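Structure file upload-v9.cif; described as mmCIF, C-alpha atoms.
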data_my_file
loop_
_atom_site.group_PDB
_atom_site.id
_atom_site.type_symbol
_atom_site.label_atom_id
_atom_site.label_comp_id
_atom_site.auth_asym_id
_atom_site.auth_seq_id
_atom_site.Cartn_x
_atom_site.Cartn_y
_atom_site.Cartn_z
ATOM 1 C CA MET I 29 219.596 -113.642 -30.084
ATOM 2 C CA MET I 30 216.464 -115.226 -28.584
ATOM 3 C CA HIS I 31 214.471 -112.030 -29.222
ATOM 4 C CA SER I 32 215.560 -112.137 -32.858
ATOM 5 C CA MET I 33 214.412 -115.745 -33.236
ATOM 6 C CA ILE I 34 211.029 -114.976 -31.673
ATOM 7 C CA ARG I 35 210.494 -112.031 -34.017
ATOM 8 C CA ASP I 36 211.561 -114.072 -37.049
ATOM 9 C CA TYR I 37 209.048 -116.765 -36.127
ATOM 10 C CA SER I 38 206.134 -114.500 -35.146
ATOM 11 C CA GLU I 39 206.552 -111.866 -37.863
ATOM 12 C CA LYS I 40 206.137 -113.729 -41.114
ATOM 13 C CA ARG I 41 205.265 -110.644 -43.145
ATOM 14 C CA ASP I 42 207.630 -108.804 -45.459
ATOM 15 C CA PHE I 43 206.467 -105.502 -43.977
ATOM 16 C CA ILE I 44 205.789 -104.536 -40.371
ATOM 17 C CA ARG I 45 202.304 -103.145 -39.681
ATOM 18 C CA MET I 46 202.164 -99.564 -38.438
ATOM 19 C CA LYS I 47 199.283 -98.484 -36.214
ATOM 20 C CA VAL I 48 197.676 -95.474 -37.892
ATOM 21 C CA ASP I 49 194.121 -94.803 -36.574
ATOM 22 C CA SER I 50 193.442 -92.016 -39.105
ATOM 23 C CA ASP I 51 190.417 -91.069 -41.183
ATOM 24 C CA ILE I 52 190.397 -92.573 -44.669
ATOM 25 C CA HIS I 53 188.097 -91.964 -47.636
ATOM 26 C CA LEU I 54 187.006 -94.905 -49.812
ATOM 27 C CA THR I 55 185.188 -95.056 -53.145
ATOM 28 C CA ASP I 56 184.443 -97.944 -55.479
ATOM 29 C CA GLU I 57 185.259 -98.054 -59.189
ATOM 30 C CA SER I 58 181.786 -96.917 -60.256
ATOM 31 C CA GLY I 59 181.688 -94.058 -57.750
ATOM 32 C CA THR I 60 178.407 -95.315 -56.264
ATOM 33 C CA LEU I 61 179.986 -96.362 -52.944
ATOM 34 C CA SER I 62 181.559 -93.630 -50.850
ATOM 35 C CA LEU I 63 182.660 -94.317 -47.276
ATOM 36 C CA VAL I 64 184.651 -92.622 -44.573
ATOM 37 C CA GLY I 65 186.397 -95.025 -42.254
ATOM 38 C CA ILE I 66 189.353 -95.340 -39.915
ATOM 39 C CA CYS I 67 192.600 -96.814 -41.205
ATOM 40 C CA ARG I 68 193.630 -98.911 -38.200
ATOM 41 C CA ASP I 69 196.960 -100.119 -39.538
ATOM 42 C CA LEU I 70 199.092 -99.937 -42.647
ATOM 43 C CA SER I 71 201.885 -102.036 -44.096
ATOM 44 C CA GLY I 72 203.753 -102.023 -47.375
ATOM 45 C CA THR I 73 201.177 -104.369 -48.903
ATOM 46 C CA GLY I 74 197.869 -103.674 -47.185
ATOM 47 C CA MET I 75 195.636 -101.837 -44.752
ATOM 48 C CA GLN I 76 193.091 -102.707 -42.102
ATOM 49 C CA ILE I 77 190.168 -100.298 -42.330
ATOM 50 C CA GLU I 78 187.167 -99.981 -40.009
ATOM 51 C CA VAL I 79 183.918 -98.920 -41.717
ATOM 52 C CA LYS I 80 180.198 -98.628 -40.929
ATOM 53 C CA GLU I 81 178.991 -101.037 -43.607
ATOM 54 C CA ALA I 82 180.056 -104.404 -44.938
ATOM 55 C CA VAL I 83 181.964 -104.474 -48.221
ATOM 56 C CA SER I 84 182.108 -107.657 -50.290
ATOM 57 C CA GLU I 85 185.367 -109.544 -50.654
ATOM 58 C CA GLY I 86 186.906 -108.898 -54.058
ATOM 59 C CA THR I 87 185.626 -105.304 -54.237
ATOM 60 C CA THR I 88 188.143 -102.835 -55.648
ATOM 61 C CA LEU I 89 188.308 -99.558 -53.730
ATOM 62 C CA PHE I 90 190.212 -96.324 -54.165
ATOM 63 C CA THR I 91 191.487 -94.893 -50.888
ATOM 64 C CA GLU I 92 192.759 -91.533 -49.767
ATOM 65 C CA LEU I 93 194.517 -91.155 -46.445
ATOM 66 C CA PRO I 94 194.747 -87.370 -45.953
ATOM 67 C CA SER I 95 198.039 -85.911 -44.801
ATOM 68 C CA SER I 96 198.113 -83.790 -41.662
ATOM 69 C CA ASN I 97 201.169 -81.962 -43.010
ATOM 70 C CA PRO I 98 200.742 -79.633 -46.025
ATOM 71 C CA ALA I 99 204.296 -80.485 -47.117
ATOM 72 C CA PHE I 100 203.258 -84.106 -47.794
ATOM 73 C CA PRO I 101 200.525 -85.233 -50.197
ATOM 74 C CA SER I 102 197.668 -87.536 -49.253
ATOM 75 C CA PHE I 103 198.423 -91.253 -49.545
ATOM 76 C CA LYS I 104 196.232 -92.634 -52.341
ATOM 77 C CA THR I 105 195.889 -96.298 -53.262
ATOM 78 C CA LYS I 106 193.857 -98.827 -55.175
ATOM 79 C CA VAL I 107 193.048 -101.814 -52.939
ATOM 80 C CA ILE I 108 191.157 -105.086 -53.113
ATOM 81 C CA VAL I 109 189.056 -106.179 -50.136
ATOM 82 C CA LYS I 110 190.384 -109.573 -49.030
ATOM 83 C CA ARG I 111 188.104 -109.999 -46.021
ATOM 84 C CA CYS I 112 185.302 -108.215 -44.193
ATOM 85 C CA ILE I 113 184.573 -109.227 -40.602
ATOM 86 C CA PRO I 114 182.547 -107.679 -37.783
ATOM 87 C CA SER I 115 184.612 -105.327 -35.616
ATOM 88 C CA ASN I 116 184.778 -105.517 -31.828
ATOM 89 C CA THR I 117 182.736 -102.304 -31.938
ATOM 90 C CA GLU I 118 179.076 -103.127 -32.581
ATOM 91 C CA GLY I 119 177.810 -102.102 -36.013
ATOM 92 C CA LEU I 120 181.274 -101.685 -37.544
ATOM 93 C CA PHE I 121 183.273 -103.900 -39.897
ATOM 94 C CA LEU I 122 186.998 -104.479 -40.386
ATOM 95 C CA LEU I 123 188.233 -104.674 -43.959
ATOM 96 C CA GLY I 124 191.470 -106.468 -44.678
ATOM 97 C CA THR I 125 192.744 -104.973 -47.920
ATOM 98 C CA GLU I 126 195.631 -105.628 -50.265
ATOM 99 C CA ILE I 127 197.255 -102.638 -51.960
ATOM 100 C CA GLN I 128 197.306 -103.057 -55.750
ATOM 101 C CA GLU I 129 198.620 -99.612 -56.732
ATOM 102 C CA LYS I 130 199.931 -96.509 -55.011
ATOM 103 C CA ALA I 131 199.137 -93.188 -56.646
#
Mind turning the file's structure into structure tokens?
Amino acid sequence: MMHSMIRDYSEKRDFIRMKVDSDIHLTDESGTLSLVGICRDLSGTGMQIEVKEAVSEGTTLFTELPSSNPAFPSFKTKVIVKRCIPSNTEGLFLLGTEIQEKA
């Protein structure tokens, strides 16, 4: 019971985050920005993505997380960047994104 109470208190999200650490492709609406990053984690409502350049908060991006299994399609989404902070790895940035649509 105590474990359940701790989880209820510490996990305030509707969806648990899954550690992914997979390549992800990102493009903006105009097609002028094209990035390859690492999707660090994924939940039902968002993703944390590590990239080599800063992306402004409020930017809409289209993502494609390729599938490693030919029986399953790539996971494609439309996201909005909610935050962009420096990563622990020098020269990289962590994007906190909110999923708007799943393709």
Exercise on region 114-129 of chain I, axis-aligned box with 6 Å per side, report centre and edge lengths in Å to one decimal, as lines of an AutoDock Vina configuration file:
center_x = 188.2
center_y = -103.6
center_z = -44.3
size_x = 32.8
size_y = 20.1
size_z = 36.9
Which residues are near Thr88 (chain I)? Cut-off 8 Å, all atoms listed in the file, ignore same chain within fewer than 2 positions. Put them as JSON, numbers by chain. {"I": [56, 57, 86, 90, 106, 107, 108, 109]}
Rounded to one decimal, what separation in Å do you get between CA of Phe121 (chain I) and CA of Ala82 (chain I)?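 Here the two named atoms are 6.0 Å from each other.
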Evaluate the PyMOL selection byres ((chain I and resi 61-66) around 6) and report residues as a PyMOL selection string: chain I and resi 49-56+59-60+67-68+77-79
Which residue, I:Ser115, I:Thr73, I:Ser84, I:Ser95, has the smallest gap to Gln128 (chain I) when you use all atoms listed in the file?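 Residue with the minimum atom-to-atom distance to Gln128 (chain I): I:Thr73.
The interatomic distance for the pair CA of Arg45 (chain I) and CA of Leu123 (chain I) works out to 14.8 Å.
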Point-to-point distance in Å for CA of Leu89 (chain I) and CA of Lys110 (chain I):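 Taking CA of Lys110 (chain I) as the start and CA of Leu89 (chain I) as the end point, the length is 11.3 Å.
Residue selection for this entry, given the PyMOL selection byres ((chain I and resi 46) around 8), comprises Ile44, Arg45, Lys47, Val48, Asp69, Leu70 and Ser71 of chain I.
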Kindly resolve the PyMOL selection byres ((chain I and resi 131) around 6) on the present coordinates and return the residues as a list of chain:residue names.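 Evaluating the PyMOL selection byres ((chain I and resi 131) around 6) on this file yields I:Lys104, I:Thr105, I:Lys130.
Distance check against Gly119 (chain I) using all atoms listed in the file: of I:Pro101, I:Lys80, I:Glu85, I:Gly74, the minimum falls on I:Lys80.
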